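Peer 1: One structure is given below, represented as structure tokens, and several questions about it will come after.
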Amino acid sequence: MPSYAEIKIEQVELQQEILRHLKHSLGKDPEHASTYDWRMSLSLALRDMIVEPWFESTRKTYEAKDKRVYYLSMEFLIGRLIEDVAMNLGVDEIAATAMEALGQDYRTVVADEPDAALGNGGLGRLAACFLDSLSTLSIPAYGYGIRYEHGLFEQHFDKGRQIETAESWLAQRHAWEFERPEVSYQIRFGGYVSETETKVTWHPRETVVASAYDTPIIGWKGKWANTLRLWAAKPTKVFDLESFNRGDYMAASAPEALARTISRVLYPDDTTEIGKELRLKQEYFFTSASILDLVRRFISEGHLIETLADYVAIQLNDTHPAIAGPELVRILSDEHGIAMEKAIDIARSCLSYTNHTLLPEALERWPEDLFARVLPRHHRIIEIIQAEHHAKTSGDIQIIEDGFVKMGELAFVMAHRVNGVSALHTELVKQTVFSELHNLHPERIVNQTNGVTPRRWLYSSNPPLRNLINDTIGSDWPDNLEKLEQLADYCDDQAFQTAFRAAKFKNKQRLVGYLNARNEITINPEAMFDVQIKRIHEYKRQLMNILEAVAFWNEIRDNPHDNWTPRVKIFGGKAAPGYVVAKEIIHLINDVAKTINKDPVTKDFLQIVYPENYNVSMAELLIPAADLSEQISTAGKEASGTGNMKFALNGALTIGTLDGANVEIREHVGVENFYLFGLDTQGVFDRRKEKEFARNAIAKSQRLSRLLGQIVGGTFSKDEPHRYKSLVGNLYEHDYFLVTVDFDSYFEKQREADSDYQDIVKWTKMAILNTAGMGWFSSDRTIQGYAKDIWETKSHGKPS
């Protein structure tokens, strides 16, 4: 009997399944069905096709009694799933023709699906890519996170300023999940701890229930499916009827409101004490539920608790779930009677930690009094972990220090492996944020350079290029991406170059239509599309990008008849609600765009577009259409990046610094096919030591001095001339991220890109070699590295 993955569904069968769900799941007939009804019916029909391989994968895992991977992350940016599922099942074309046969526009139906608001940026998108690769590689795994009701926020612009409103993705039914009311855990907070000679008991002050919702994640060709399990917070006491009956309606519903607060919003503002408490509770809530769940599953299989590390690999995606160490120790010691020292050893053997940042302020730390009040038992366990570490090493590393609990140090001490996410980043982790710990544990830090799933980020999001690749080298590359290197043989082939340019142009035309509808702007698809899409942060240097746009605008105005290369600068990304400087940068970008886009002298050569509410679905339009990828962070600050990989994979050239994975991308695509500028990491360290380095850089650059004068003088904010006085003043006085120092190098490299873009044969060859050189950056390769070097797990599937 053939496996489920080998069974093909015919178009007529799929149509029948869609109509069945339309009638029996949505309660509609075709004549009265809305786009939502059709979208849900298609989604449910596709979901039905996942269930059997999902069950089969689970059965195989239980039968093998082998190690599972548990990936804990605050974010999973899975995006829309209709196309992703259809593609992985191999029925994407059938789904499209089935909907057309039913009188529905497939693109309209797909676009009706809201992006799941489960993340913010690279951290969450990486987690989603990893789940895709884990399933594609048939490695048994669970992803664990939070089922946020409102996600981060919806971004809107009001006169150029970012405005945040609540995400509403769960206002409609989420078609892909299965609620698991039988899978729930009581999560405790506060209270006090009592100890006897034989037992430690935590007496919580409050409790909430973590309730599970499962989404199956199907791999390539439908051979294996793993589970994304998200936790929703619910009250222990659903409704206080006594309060309601005496007329105190607010008190009656208070338990539910307080519980739901925990899983309502991603990254609540933590500038207040109550905000910090909510963030800490959020992190413990999902981590505790996940650890309790995996221990329950392990015990149900009949294993001895002492053998946990032989069957369980727990990966912490950043410091958010770092409380997993103390929580697992608590469960092993307090609930299963294992001696504390042995419990720590077992937990450490299970746990590994991915570091994603070199910014000290991004390594979470909690006020000790808050931590002890919310998690009194864990506070004591951390003290024991710290003492145990001191006793076994020659170091004096403090996890609790100066009134704070430091989660980076906790994650490191409780992990048997700590990994960086690019070669440069891993070396800097050893030298900077964890230098003392590295000296004590020189074998613990390893590198696993990030990757992206080519199924979503090329095969699905870029059909024109996908089809060209299939016609040229065959169609077996999506799960063996290094086969793309064969494209290098065609980089000088005139016919292939023409077809490659045609694929790019088709993507650009698609994006033009999208932006014209959203932003009411007319864009020339022949122009260079210069794209920077990232969360807004000073180290990512969107500020330098918009300053370069002003300088370029000045050059065009000064010499309007020169041979300028038309350029469209496209920005995308959100700023954290409490990040004042980042929100000022957004405002400046929009103010500059408003002025430049209506300038009759320059509008044919320079336009700036900033579509609001950047998300995964928008990225799937922007990345295939990009000509130039902005990866311009200050050297030594970006851990890896994955957007840089997606752009290069889709044939965009990179302008960037020697930062994060840029270093490895440049090596793989060829140094001559990468626009390198700016200081390297050592140069950044050295320059910061120089007195008034920023003022000196500005004084030496007439171009930079001029544009800063325009900004601070109100050229782009006539209604409030001094709006950006503080922002510009910071560049003169501090400029920690060296915008002023790298600016001239950046500007000159941009003009080099302009010149190359006019040579279409040269540019196309460079673009082809970028795509051809990106095979190593598949998340499949990354996951294989984790499986071998960190988790010691194996695939349960057959190779393709």
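Residue numbering restarts at 1 for every chain of the structure tokens, chains are lettered A, B, ... in their displayed order, and ligands are numbered from 1 as they appear.
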List the neighbours of Ala141 in chain A out to 6 Å using only C-alpha atoms; skip same-chain residues closer than 2 positions along the sequence, and give me the result as a ChimeraX atom specification.

Peer 2: /A:68-70,226

Peer 1: Would you kindly return, as a ChimeraX atom specification, each protein, DNA or RNA residue with an atom no farther than 6 Å from any atom of range 715-732 of chain A, considering only C-alpha atoms and excluding same-chain residues fewer than 4 positions away?

Peer 2: /A:591-592,694-695,710-711

Peer 1: Mind writing the picked residues with C-alpha atoms as a PDB file, in the first residue's frame?

Peer 2:
ATOM      1  CA  ASP A 591       8.533  63.165   6.075  1.00  0.00           C
ATOM      2  CA  VAL A 592      11.422  62.845   3.622  1.00  0.00           C
ATOM      3  CA  ALA A 694      31.138  61.694  14.952  1.00  0.00           C
ATOM      4  CA  ARG A 695      31.688  65.453  14.807  1.00  0.00           C
ATOM      5  CA  GLN A 710      18.461  70.585   5.982  1.00  0.00           C
ATOM      6  CA  ILE A 711      16.844  68.104   8.352  1.00  0.00           C
TER       7      ILE A 711
END

Peer 1: Of the candidates A:Ile632, A:Asn419, A:Asn696, A:Lys765, which shows the shortest atom-to-atom distance to Gly670 in chain A, using only C-alpha atoms?

Peer 2: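 Of A:Ile632, A:Asn419, A:Asn696, A:Lys765, the one nearest Gly670 in chain A, counting only C-alpha atoms, is A:Lys765.
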
Peer 1: So the first atom is CA of His21 in chain A and the second is CA of Ser41 in chain A; what is the distance between them in Å, to one decimal place?

Peer 2: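 Those two atoms sit 5.1 Å apart.
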
Peer 1: Kindly provide the residues of range 680-763 of chain A that approach range 545-564 of chain A to within 8 Å, each paired with its closest atom pair and their distance in Å to one decimal, based on only C-alpha atoms, listed by chain and increasing number, as a tab-separated table.

Peer 2:
residue	atom	partner	partner_atom	distance
A:Arg703	CA	A:Ala551	CA	6.5
A:Leu704	CA	A:Ala551	CA	7.2
A:Leu707	CA	A:Ala551	CA	6.2
A:Phe743	CA	A:Glu548	CA	7.6
A:Tyr746	CA	A:Glu548	CA	7.9
A:Phe747	CA	A:Glu548	CA	6.2
A:Asp754	CA	A:Trp564	CA	7.8

Peer 1: Only N, CA and C atoms, please: the residues just picked out, written as a short mmCIF file (atom, residue, chain, number, x, y, z; two decimals), in the first residue's frame.

Peer 2:
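Listed below is the output, part.cif:
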data_model
loop_
_atom_site.label_atom_id
_atom_site.label_comp_id
_atom_site.auth_asym_id
_atom_site.auth_seq_id
_atom_site.Cartn_x
_atom_site.Cartn_y
_atom_site.Cartn_z
N ARG A 703 28.81 66.64 2.09
CA ARG A 703 27.52 66.06 1.72
C ARG A 703 26.67 65.78 2.97
N LEU A 704 27.28 65.18 3.99
CA LEU A 704 26.56 64.85 5.22
C LEU A 704 26.21 66.10 6.01
N LEU A 707 23.09 67.82 4.41
CA LEU A 707 21.77 67.20 4.60
C LEU A 707 21.32 67.25 6.05
N PHE A 743 29.01 56.82 6.54
CA PHE A 743 28.09 57.41 5.57
C PHE A 743 28.72 57.62 4.20
N TYR A 746 29.24 54.46 2.31
CA TYR A 746 27.93 53.95 1.90
C TYR A 746 27.42 54.68 0.66
N PHE A 747 27.50 55.99 0.67
CA PHE A 747 27.02 56.79 -0.46
C PHE A 747 27.79 56.44 -1.73
N ASP A 754 24.58 52.06 -8.80
CA ASP A 754 23.86 52.76 -9.86
C ASP A 754 24.51 52.52 -11.22
#

Peer 1: Rank nothing, just name the residue among A:Ile623, A:Glu443, A:Asp744, A:Pro367 nearest to Asp789 in chain A, using only C-alpha atoms.

Peer 2: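 Of A:Ile623, A:Glu443, A:Asp744, A:Pro367, the one nearest Asp789 in chain A, counting only C-alpha atoms, is A:Glu443.
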
Peer 1: Pull the alpha helix (DSSP H) assignments for range 255-436 of chain A out of DSSP run on the backbone, and list those residues as an MDAnalysis selection string.

Peer 2: chainID A and resid 255:262 273:300 308:311 324:330 340:350 368:374 376:392 407:413 423:431 435:436
